[in-house]
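Coordinates from coords29.csv are shown below (CSV, C-alpha atoms and all ligand atoms).
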chain,number,residue,atom,x,y,z
A,460,MET,CA,0.5,-12.4,-24.4
A,461,LYS,CA,1.2,-9.2,-26.2
A,462,LYS,CA,4.0,-7.1,-24.6
A,463,LEU,CA,3.2,-3.5,-23.8
A,464,ALA,CA,5.4,-1.0,-25.5
A,465,LEU,CA,7.1,1.7,-23.4
A,466,LEU,CA,8.9,4.9,-24.1
A,467,GLN,CA,11.5,5.3,-21.3
A,468,VAL,CA,12.4,8.8,-20.3
A,469,GLY,CA,15.6,9.1,-18.3
A,470,LEU,CA,18.4,6.6,-18.2
A,471,GLY,CA,20.3,7.8,-15.2
A,472,GLY,CA,20.6,6.2,-11.8
A,473,MET,CA,17.0,4.9,-11.4
A,474,GLY,CA,16.5,4.7,-15.2
A,475,SER,CA,19.4,2.2,-15.6
A,476,TRP,CA,17.8,0.1,-12.9
A,477,TRP,CA,14.5,0.2,-14.8
A,478,TRP,CA,16.2,-0.5,-18.1
A,479,GLN,CA,17.8,-3.6,-16.6
A,480,ILE,CA,14.5,-5.0,-15.2
A,481,LEU,CA,12.6,-4.2,-18.4
A,482,SER,CA,15.2,-5.8,-20.7
A,483,GLU,CA,14.1,-9.2,-19.6
A,484,HIS,CA,10.5,-8.6,-18.7
A,485,PRO,CA,7.8,-10.9,-20.1
A,486,ASN,CA,5.1,-8.1,-20.3
A,487,PHE,CA,6.9,-5.0,-21.3
A,488,GLU,CA,9.3,-3.9,-24.0
A,489,VAL,CA,11.1,-0.5,-24.1
A,490,ILE,CA,10.9,0.6,-27.8
A,491,GLY,CA,12.3,4.1,-27.5
A,492,ALA,CA,14.0,6.4,-25.0
A,493,VAL,CA,14.5,10.1,-24.2
A,494,GLU,CA,17.7,11.3,-22.5
A,495,LEU,CA,19.4,14.7,-22.3
A,496,ASN,CA,22.8,13.5,-21.4
A,497,ASP,CA,25.0,13.4,-24.5
A,498,GLU,CA,27.1,10.5,-23.4
A,499,ILE,CA,24.1,8.3,-22.7
A,500,TYR,CA,22.3,9.5,-25.8
A,501,GLN,CA,25.3,8.6,-28.0
A,502,GLN,CA,25.7,5.2,-26.4
A,503,PHE,CA,22.1,4.2,-27.3
A,504,HIS,CA,22.1,6.0,-30.6
A,505,SER,CA,25.3,4.2,-31.7
A,506,MET,CA,23.5,0.9,-31.1
A,507,GLY,CA,20.7,2.0,-33.4
A,508,PHE,CA,18.2,2.3,-30.6
A,509,PRO,CA,15.5,5.0,-31.1
A,510,ILE,CA,16.5,7.7,-28.7
A,511,PHE,CA,15.6,11.4,-28.5
A,512,LYS,CA,16.8,14.4,-26.7
A,513,ASN,CA,13.5,16.2,-26.9
A,514,PHE,CA,10.6,14.6,-25.0
A,515,LEU,CA,7.9,15.8,-27.4
A,516,ASP,CA,9.8,14.3,-30.3
A,517,GLY,CA,10.0,11.0,-28.6
A,518,LEU,CA,6.4,11.1,-27.7
A,519,GLU,CA,5.4,11.8,-31.3
A,520,LYS,CA,7.7,9.3,-33.0
A,521,VAL,CA,7.6,6.3,-30.6
A,522,HIS,CA,4.2,4.5,-30.9
A,523,CYS,CA,4.1,3.2,-27.3
A,524,ASP,CA,1.3,2.2,-25.0
A,525,ALA,CA,2.8,3.9,-22.0
A,526,VAL,CA,5.6,6.3,-20.9
A,527,LEU,CA,8.0,5.4,-18.0
A,528,ILE,CA,9.3,8.7,-16.5
A,529,CYS,CA,12.5,8.5,-14.4
A,530,THR,CA,13.8,12.0,-14.7
A,531,PRO,CA,14.3,14.6,-12.0
A,532,ASN,CA,11.2,15.6,-10.0
A,533,ASP,CA,10.7,19.0,-11.7
A,534,THR,CA,10.0,17.2,-15.0
A,535,HIS,CA,7.3,15.0,-13.6
A,536,ARG,CA,4.3,17.4,-14.1
A,537,PRO,CA,5.1,18.5,-17.7
A,538,TYR,CA,6.1,15.1,-18.9
A,539,ALA,CA,3.2,13.2,-17.3
A,540,ILE,CA,0.6,15.7,-18.5
A,541,ALA,CA,2.0,15.8,-22.1
A,542,ALA,CA,2.1,11.9,-22.2
A,543,MET,CA,-1.5,11.5,-21.0
A,544,ARG,CA,-2.8,14.3,-23.4
A,545,ALA,CA,-1.1,12.3,-26.2
A,546,GLY,CA,-3.2,9.2,-25.1
A,547,ARG,CA,-0.4,7.4,-23.3
A,548,HIS,CA,-0.6,5.8,-19.9
A,549,VAL,CA,2.1,6.8,-17.4
A,550,ILE,CA,4.3,5.0,-14.9
A,551,MET,CA,6.4,7.5,-13.1
A,552,GLU,CA,9.0,7.6,-10.4
A,553,LYS,CA,8.1,9.2,-7.1
A,554,PRO,CA,7.5,11.9,-6.0
A,555,LEU,CA,4.4,12.7,-7.9
A,556,ALA,CA,5.4,16.4,-8.4
A,557,THR,CA,7.1,19.2,-6.6
A,558,ASN,CA,4.1,21.1,-5.3
A,559,MET,CA,0.3,20.4,-4.6
A,560,ALA,CA,-0.9,22.5,-7.6
A,561,ASP,CA,1.2,20.4,-10.0
A,562,ALA,CA,0.0,17.2,-8.3
A,563,ARG,CA,-3.6,18.3,-8.7
A,564,SER,CA,-3.1,19.1,-12.4
A,565,ILE,CA,-1.7,15.6,-13.0
A,566,LEU,CA,-4.7,14.2,-11.2
A,567,LYS,CA,-7.1,16.3,-13.3
A,568,THR,CA,-5.4,15.3,-16.6
A,569,SER,CA,-5.5,11.6,-15.6
A,570,GLN,CA,-9.2,11.9,-14.9
A,571,SER,CA,-10.1,13.9,-18.0
A,572,SER,CA,-7.9,11.8,-20.4
A,573,LYS,CA,-8.9,8.6,-18.7
A,574,ARG,CA,-5.2,7.6,-18.7
A,575,ILE,CA,-3.6,5.9,-15.8
A,576,CYS,CA,-0.7,7.7,-14.0
A,577,MET,CA,0.9,5.2,-11.6
A,578,ILE,CA,3.6,6.4,-9.1
A,579,CYS,CA,6.5,4.1,-8.2
A,580,GLN,CA,6.1,3.6,-4.5
A,581,ASN,CA,8.1,0.4,-4.6
A,582,TYR,CA,8.6,0.1,-0.9
A,583,ARG,CA,4.9,-0.9,-0.2
A,584,PHE,CA,5.4,-3.7,-2.8
A,585,GLY,CA,8.4,-5.1,-0.8
A,586,PRO,CA,8.1,-8.5,0.8
A,587,VAL,CA,8.6,-7.1,4.3
A,588,ALA,CA,5.9,-4.4,3.9
A,589,MET,CA,3.5,-6.9,2.3
A,590,ALA,CA,4.0,-9.4,5.2
A,591,VAL,CA,3.5,-6.7,7.8
A,592,LYS,CA,0.4,-5.5,6.1
A,593,GLN,CA,-1.0,-9.0,6.0
A,594,ALA,CA,-0.4,-9.4,9.8
A,595,LEU,CA,-2.0,-6.0,10.5
A,596,ASP,CA,-5.1,-6.9,8.4
A,597,ALA,CA,-5.3,-10.3,10.2
A,598,GLY,CA,-5.6,-8.2,13.4
A,599,VAL,CA,-2.6,-9.7,15.3
A,600,ILE,CA,-2.1,-6.5,17.3
A,601,GLY,CA,-5.7,-5.1,17.0
A,602,ARG,CA,-6.3,-1.5,16.1
A,603,VAL,CA,-3.1,0.5,15.8
A,604,GLU,CA,-3.2,3.6,17.9
A,605,TYR,CA,0.3,5.0,17.7
A,606,GLY,CA,3.8,4.3,16.4
A,607,GLU,CA,7.2,5.5,15.5
A,608,PHE,CA,9.1,5.4,12.2
A,609,SER,CA,12.7,6.3,11.7
A,610,PHE,CA,14.8,6.4,8.6
A,611,HIS,CA,18.5,7.3,8.9
A,612,LYS,CA,21.0,7.0,6.1
A,613,SER,CA,24.2,8.6,5.1
A,614,VAL,CA,24.1,8.9,1.3
A,615,ARG,CA,26.0,11.1,-1.2
A,616,PHE,CA,24.0,11.3,-4.5
A,617,GLY,CA,25.7,14.4,-5.9
A,618,GLY,CA,23.8,16.3,-8.6
A,619,TRP,CA,20.3,17.7,-8.3
A,620,HIS,CA,19.3,15.5,-5.3
A,621,GLU,CA,21.8,17.5,-3.2
A,622,GLN,CA,20.4,20.8,-4.4
A,623,LEU,CA,16.8,20.2,-3.3
A,624,GLU,CA,15.4,22.6,-0.7
A,625,GLU,CA,13.9,19.7,1.4
A,626,PRO,CA,15.7,16.6,0.2
A,627,LEU,CA,14.2,14.4,2.9
A,628,LEU,CA,10.6,15.6,3.1
A,629,GLU,CA,10.1,16.2,-0.6
A,630,ASP,CA,12.0,13.3,-2.1
A,631,MET,CA,12.6,10.3,0.3
A,632,ALA,CA,10.1,10.5,3.1
A,633,VAL,CA,7.4,10.0,0.5
A,634,HIS,CA,8.3,6.3,0.7
A,635,GLN,CA,7.8,6.1,4.5
A,636,PHE,CA,4.6,8.2,4.4
A,637,ASP,CA,3.3,5.9,1.7
A,638,MET,CA,4.1,2.8,3.8
A,639,LEU,CA,2.3,4.3,6.7
A,640,ARG,CA,-0.8,4.9,4.6
A,641,TYR,CA,-0.6,1.4,3.3
A,642,PHE,CA,-0.1,-0.2,6.8
A,643,LEU,CA,-2.8,1.9,8.5
A,644,GLY,CA,-5.3,1.8,5.6
A,645,SER,CA,-5.9,5.5,6.3
A,646,ASN,CA,-5.0,8.9,5.0
A,647,ALA,CA,-3.2,11.5,7.3
A,648,SER,CA,-5.4,14.2,8.8
A,649,ARG,CA,-2.7,16.7,10.0
A,650,VAL,CA,1.0,17.1,10.4
A,651,MET,CA,3.4,19.1,12.5
A,652,ALA,CA,7.1,19.0,11.3
A,653,LYS,CA,10.5,20.6,11.7
A,654,SER,CA,13.3,20.2,9.2
A,655,TRP,CA,16.8,21.5,9.3
A,656,LYS,CA,20.3,21.3,7.9
A,657,PRO,CA,22.8,19.6,10.3
A,658,SER,CA,26.1,21.5,10.5
A,659,TRP,CA,28.0,18.6,8.7
A,660,SER,CA,25.5,18.2,5.9
A,661,TRP,CA,26.6,18.0,2.3
A,662,TYR,CA,23.1,18.8,1.1
A,663,SER,CA,22.3,22.4,0.5
A,664,GLY,CA,18.7,22.1,1.9
A,665,ASN,CA,17.2,20.5,5.0
A,666,ALA,CA,18.4,16.9,5.1
A,667,ALA,CA,17.0,16.0,8.5
A,668,ALA,CA,13.4,16.2,9.8
A,669,VAL,CA,11.0,15.2,12.6
A,670,ALA,CA,7.3,15.1,12.2
A,671,ALA,CA,4.2,14.2,14.2
A,672,ILE,CA,1.5,12.8,11.9
A,673,ASP,CA,-2.1,12.2,12.9
A,674,PHE,CA,-4.2,9.8,10.7
A,675,GLU,CA,-7.9,9.8,10.1
A,676,SER,CA,-8.0,6.3,11.7
A,677,GLY,CA,-7.0,7.9,15.0
A,678,CYS,CA,-3.4,6.7,14.9
A,679,SER,CA,-0.5,9.1,15.7
A,680,ILE,CA,3.0,8.5,14.3
A,681,ALA,CA,6.3,10.0,15.4
A,682,TYR,CA,8.6,10.2,12.4
A,683,SER,CA,12.3,11.1,12.2
A,684,GLY,CA,14.6,10.9,9.3
A,685,SER,CA,18.0,12.0,8.0
A,686,TRP,CA,20.1,11.7,4.8
A,687,VAL,CA,23.2,12.6,6.8
A,688,SER,CA,23.2,10.1,9.6
A,689,ARG,CA,26.3,10.1,11.8
A,690,GLY,CA,26.0,6.7,13.4
A,691,ALA,CA,24.3,3.4,12.8
A,692,GLU,CA,22.1,3.6,9.7
A,693,THR,CA,18.6,2.1,9.5
A,694,SER,CA,17.8,-0.3,6.6
A,695,TRP,CA,16.2,1.2,3.5
A,696,ASN,CA,12.8,0.0,4.9
A,697,GLY,CA,13.5,2.1,8.0
A,698,ARG,CA,12.8,1.1,11.6
A,699,LEU,CA,9.1,0.9,12.5
A,700,ARG,CA,7.1,0.1,15.6
A,701,LEU,CA,3.3,0.1,15.5
A,702,VAL,CA,1.4,-0.2,18.8
A,703,GLY,CA,-2.1,-1.7,18.9
A,704,GLU,CA,-4.5,-2.6,21.6
A,705,LYS,CA,-3.3,-6.3,21.7
A,706,GLY,CA,0.5,-5.8,21.1
A,707,GLU,CA,3.2,-4.3,18.9
A,708,ILE,CA,4.6,-4.9,15.4
A,709,TYR,CA,8.2,-4.2,14.7
A,710,ILE,CA,10.3,-3.8,11.6
A,711,PRO,CA,13.8,-3.7,13.1
A,712,ASP,CA,16.9,-2.8,11.1
A,713,ASP,CA,17.5,-6.3,9.9
A,714,ASP,CA,14.2,-6.2,8.1
A,715,ARG,CA,12.9,-9.3,9.8
A,716,PRO,CA,9.5,-8.2,11.1
A,717,PHE,CA,8.0,-9.6,14.3
A,718,TYR,CA,5.2,-8.9,16.8
A,719,VAL,CA,4.8,-9.3,20.5
A,720,LEU,CA,1.5,-9.6,22.4
A,721,ALA,CA,0.8,-7.5,25.5
A,722,GLU,CA,0.4,-10.7,27.7
A,723,THR,CA,3.7,-12.2,26.5
A,724,PRO,CA,6.1,-9.3,25.8
A,725,ASP,CA,9.2,-11.4,26.1
A,726,GLN,CA,8.0,-13.8,23.3
A,727,PRO,CA,8.5,-12.2,19.9
A,728,VAL,CA,6.6,-13.9,17.1
A,729,PRO,CA,8.3,-13.7,13.7
A,730,ILE,CA,6.1,-12.5,10.9
A,731,GLU,CA,6.5,-14.9,8.0
A,732,ILE,CA,7.7,-13.4,4.8
A,733,VAL,CA,5.9,-15.4,2.2
A,734,PRO,CA,7.9,-15.6,-1.0
A,735,TYR,CA,5.5,-13.4,-2.9
A,736,TYR,CA,6.1,-12.9,-6.5
A,737,PRO,CA,6.2,-10.3,-7.9
A,738,THR,CA,7.6,-7.8,-5.3
A,739,GLY,CA,9.3,-4.4,-5.4
A,740,HIS,CA,9.7,-3.0,-8.9
A,741,HIS,CA,8.3,-6.3,-10.4
A,742,GLY,CA,5.3,-5.8,-8.2
A,743,LEU,CA,4.8,-2.3,-9.5
A,744,LEU,CA,5.0,-3.5,-13.1
A,745,TYR,CA,2.7,-6.4,-12.5
A,746,ALA,CA,0.1,-4.0,-11.0
A,747,PHE,CA,0.5,-1.6,-13.9
A,748,TYR,CA,0.2,-4.3,-16.4
A,749,LYS,CA,-2.9,-5.8,-14.8
A,750,ALA,CA,-4.5,-2.3,-14.6
A,751,LEU,CA,-4.0,-1.7,-18.3
A,752,GLN,CA,-5.2,-5.2,-19.2
A,753,ASP,CA,-8.3,-5.2,-17.0
A,754,GLY,CA,-9.2,-1.5,-17.2
A,755,ILE,CA,-8.9,-1.0,-13.4
A,756,ARG,CA,-7.0,1.5,-11.3
A,757,PRO,CA,-3.6,0.2,-9.9
A,758,PRO,CA,-2.7,0.9,-6.3
A,759,THR,CA,-0.5,4.0,-6.0
A,760,ASP,CA,-2.0,5.7,-9.1
A,761,VAL,CA,-2.3,9.5,-8.9
A,762,GLU,CA,-5.8,9.4,-7.3
A,763,ASP,CA,-4.3,7.4,-4.4
A,764,ASN,CA,-0.8,8.8,-4.4
A,765,ILE,CA,-1.8,12.5,-4.1
A,766,ASN,CA,-2.7,11.6,-0.5
A,767,THR,CA,0.8,10.3,0.2
A,768,PHE,CA,2.4,13.3,-1.6
A,769,ALA,CA,0.2,15.7,0.5
A,770,ILE,CA,1.8,14.5,3.7
A,771,GLY,CA,5.3,15.6,2.6
A,772,MET,CA,4.1,18.8,1.1
A,773,ASN,CA,2.2,19.8,4.2
A,774,ALA,CA,5.0,18.7,6.4
A,775,ILE,CA,7.2,21.2,4.6
A,776,LEU,CA,4.5,23.9,5.0
A,777,SER,CA,4.3,23.0,8.7
A,778,ALA,CA,8.1,23.3,9.1
A,779,LYS,CA,8.1,26.7,7.4
A,780,SER,CA,5.1,28.0,9.4
A,781,ASN,CA,5.8,26.3,12.7
A,782,ARG,CA,2.2,25.1,13.2
A,783,TRP,CA,0.0,22.0,12.7
A,784,VAL,CA,-1.2,21.8,9.1
A,785,SER,CA,-4.1,19.8,7.9
A,786,VAL,CA,-3.3,17.2,5.1
A,787,LYS,CA,-5.6,17.3,2.1
A,788,GLY,CA,-4.9,15.3,-1.1
S,801,LIG,N1,11.7,4.7,-6.3
S,801,LIG,C1,12.9,4.9,-5.7
S,801,LIG,O1,13.3,4.2,-4.8
S,801,LIG,C2,13.8,5.9,-6.3
S,801,LIG,C3,15.2,6.0,-6.0
S,801,LIG,C4,16.0,7.0,-6.6
S,801,LIG,C5,15.4,7.9,-7.4
S,801,LIG,N2,14.1,7.9,-7.6
S,801,LIG,C6,13.4,9.0,-8.5
S,801,LIG,O2,13.8,8.7,-9.8
S,801,LIG,C7,13.8,10.0,-10.5
S,801,LIG,C8,15.2,10.0,-11.2
S,801,LIG,O3,16.2,10.0,-10.2
S,801,LIG,P1,17.7,9.5,-10.5
S,801,LIG,O4,18.3,9.2,-9.2
S,801,LIG,O5,17.7,8.4,-11.5
S,801,LIG,O6,18.3,10.8,-11.1
S,801,LIG,P2,19.6,10.8,-12.1
S,801,LIG,O7,20.1,12.2,-12.1
S,801,LIG,O8,20.6,9.7,-11.7
S,801,LIG,O9,19.0,10.5,-13.5
S,801,LIG,C9,18.1,11.3,-14.2
S,801,LIG,C10,18.4,11.2,-15.7
S,801,LIG,O10,17.5,12.0,-16.4
S,801,LIG,C11,18.2,12.7,-17.4
S,801,LIG,N3,17.4,14.0,-17.6
S,801,LIG,C12,17.4,15.1,-16.7
S,801,LIG,N4,16.5,16.0,-17.2
S,801,LIG,C13,15.9,15.4,-18.3
S,801,LIG,C14,15.0,15.9,-19.2
S,801,LIG,N5,14.4,17.1,-19.0
S,801,LIG,N6,14.6,15.1,-20.2
S,801,LIG,C15,15.2,13.8,-20.4
S,801,LIG,N7,16.2,13.4,-19.6
S,801,LIG,C16,16.5,14.1,-18.5
S,801,LIG,C17,19.5,13.0,-16.8
S,801,LIG,O11,20.5,13.2,-17.9
S,801,LIG,C18,19.8,11.6,-16.1
S,801,LIG,O12,20.4,10.7,-16.9
S,801,LIG,C19,13.6,11.0,-9.5
S,801,LIG,O13,12.3,11.5,-9.6
S,801,LIG,C20,13.9,10.4,-8.2
S,801,LIG,O14,13.2,10.9,-7.1
S,801,LIG,C21,13.3,6.9,-7.1
Structure encoded using structure tokens:
Amino acid sequence: MKKLALLQVGLGGMGSWWWQILSEHPNFEVIGAVELNDEIYQQFHSMGFPIFKNFLDGLEKVHCDAVLICTPNDTHRPYAIAAMRAGRHVIMEKPLATNMADARSILKTSQSSKRICMICQNYRFGPVAMAVKQALDAGVIGRVEYGEFSFHKSVRFGGWHEQLEEPLLEDMAVHQFDMLRYFLGSNASRVMAKSWKPSWSWYSGNAAAVAAIDFESGCSIAYSGSWVSRGAETSWNGRLRLVGEKGEIYIPDDDRPFYVLAETPDQPVPIEIVPYYPTGHHGLLYAFYKALQDGIRPPTDVEDNINTFAIGMNAILSAKSNRWVSVKG
């Protein structure tokens, strides 16, 4: 099978991870890169690898099928739009953009150019999330009516991450909001949020937040999160409880999901994690590859993902205006 050629933009934290995965991938080959950092640029240049400092130069000179964007969030709109206008498909790190107007212009460009723009919501492709989704779809707890989702970590990124105005709601919570949409099979209808900067925080913006989120399915979720946790941290998947008419599903901190039925609350039933392949980033790549081969939309493309992104953006609007805000993609 022919490998798809990629131009990789950004070889920093996440970019190095992608580089490693792609270096031994059966379906993709990175044939060029763009990176502003001089040290990284020189390292690749000295190996004779086609690398550029200017994105448009890279786009013009590297004859790729798709562009992988793993640069800071404020580059997502200009890079994704330029790539699609140049006829390339896009696979891009979350979050989709930095505001709703930019997100909508990426969506419009994807539709008018007929190019795919898939966003890397890798958490929903994780084995735990996939197993929980399968249990929910099998109806083990019936219709989900409410739940709680918490994510608490103590992480020092340094750099641009720590300068964001809303590092939790605009950058990280997008994973939890996307998992909720995936689990519930529903978009959010409205959100009420509060975000703040704990006194000990090393982030310049609001690194902690709580939110009440209503979904079109009728489910209500209580969300809480922090990048500057002071005690026991949750797993990266977060801690989740979903409550349905027949019972509850849990993802506890150890990532081993289970459910309990209302009639037998003291008898937890483990949810089997089927060794799916591919999962996580491999799952994303598989879905992207399949979409390009079969001419179909992948899950988490911009048309879908704008509904995830809208939860975070409207949560920020709610936190700023101290009121419920309706969520529209
Ligand atoms: N999916 C996930 O779980 C996950 C995890 C971490 C980060 N991310 C996302 O990945 C993206 C990158 O984050 P990161 O943590 O790798 O950041 P980073 O700062 O570690 O790396 C970014 C790289 O991009 C380069 N760069 C910056 N501006 C550029 C430009 N205009 N053109 C070309 N190169 C440029 C930098 O020199 C750096 O090497 C962000 O959107 C972030 O939200 C996703």
Open item on the list: Show me which residues are within 7 Å of ligand LIG 801 (chain S) counting only C-alpha atoms and all ligand atoms, and format the list as a ChimeraX atom specification.
Closed with: /A:468-474,493-496,512-514,529-532,534,552-554,579-581,618-619,630
Take every atom of range 666-679 of chain A listed in the file, pad by 5 Å on each side, and give me the axis-aligned box centre and edge lengths in Å, one decimal, as AutoDock Vina command-line options.
--center_x 5.2 --center_y 11.6 --center_z 10.4 --size_x 36.4 --size_y 20.6 --size_z 20.6
Task: Selection near range 475-478 of chain A, 12 Å with only C-alpha atoms, sequence-local residues under 3 positions removed, as a PyMOL selection string - done: chain A and resi 465-472+481-484+487-492+494+499+503+527-530+550-552+579+739-741+743-744
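Between CA of Lys749 in chain A and CA of Arg563 in chain A the separation is 24.9 Å.
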Task: Ser613 in chain A environment, 12 Å, all atoms listed in the file, sequence neighbours closer than 3 positions dropped, as a ChimeraX atom specification - done: /A:610,616,627,659-662,666-667,684-695
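Take the candidates A:Ser654, A:Asn696, A:Ser564, A:Ser683 and check each one against Val587 in chain A using only C-alpha atoms; the shortest distance goes to A:Asn696.
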Task: Nearest to Ile775 in chain A by atom-to-atom distance, counting only C-alpha atoms, from A:Pro586, A:Gly664, A:Gly697, A:Pro485 - done: A:Gly664
TODO: Using all atoms listed in the file, determine which residues lie at most 10 Å from Arg547 in chain A, disregarding the query and same-chain residues fewer than 5 positions distant; provide the list as a ChimeraX atom specification.
DONE: /A:465-466,518,522-526,539-542,572-576
- [ ] Choose the residue, out of A:Asn646, A:Gln726, A:Asn781, A:Ser505, that has the smallest atom-to-atom separation from Thr767 in chain A; count only C-alpha atoms.
- [x]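 Under the stated criterion, the closest residue is A:Asn646.
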TODO: Could you jot down the CA of His504 in chain A to CA of Tyr538 in chain A separation for me, Å, one decimal place?
DONE: 21.8 Å
Task: Nearest residue to Ala681 in chain A from the set A:Lys653, A:Arg602, A:Lys787, A:Arg615 (distances using all atoms listed in the file) - done: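 The shortest atom-to-atom distance to Ala681 in chain A comes from A:Lys653.
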Task: Distance of CA of Ser571 in chain A from CA of Phe584 in chain A, expressed in Å to one decimal place - done: 27.9 Å
Open item on the list: Which residue is closest to Ala668 in chain A? Choose from A:Ser648, A:Ser785, A:Ser777, A:Thr738 and count all atoms listed in the file.
Closed with: A:Ser777
Open item on the list: Under the rule that all atoms listed in the file are counted, which of A:Asp497, A:Met651, A:Met543, A:Arg536 is the nearest residue to Ala560 in chain A?
Closed with: A:Arg536
- [ ] Tell me which protein, DNA and RNA residues are within 10 Å of range 703-712 of chain A, counting all atoms listed in the file, leaving out same-chain ones fewer than 4 positions away, and put them as a PyMOL selection string.
- [x] chain A and resi 587-588+591+594-595+598-608+610+678+691-699+716-724+727-730
Task: Selection: 7 Å around range 754-757 of chain A, only C-alpha atoms, excl. self and same-chain fewer than 5 positions, as a PyMOL selection string - done: chain A and resi 577+746-747
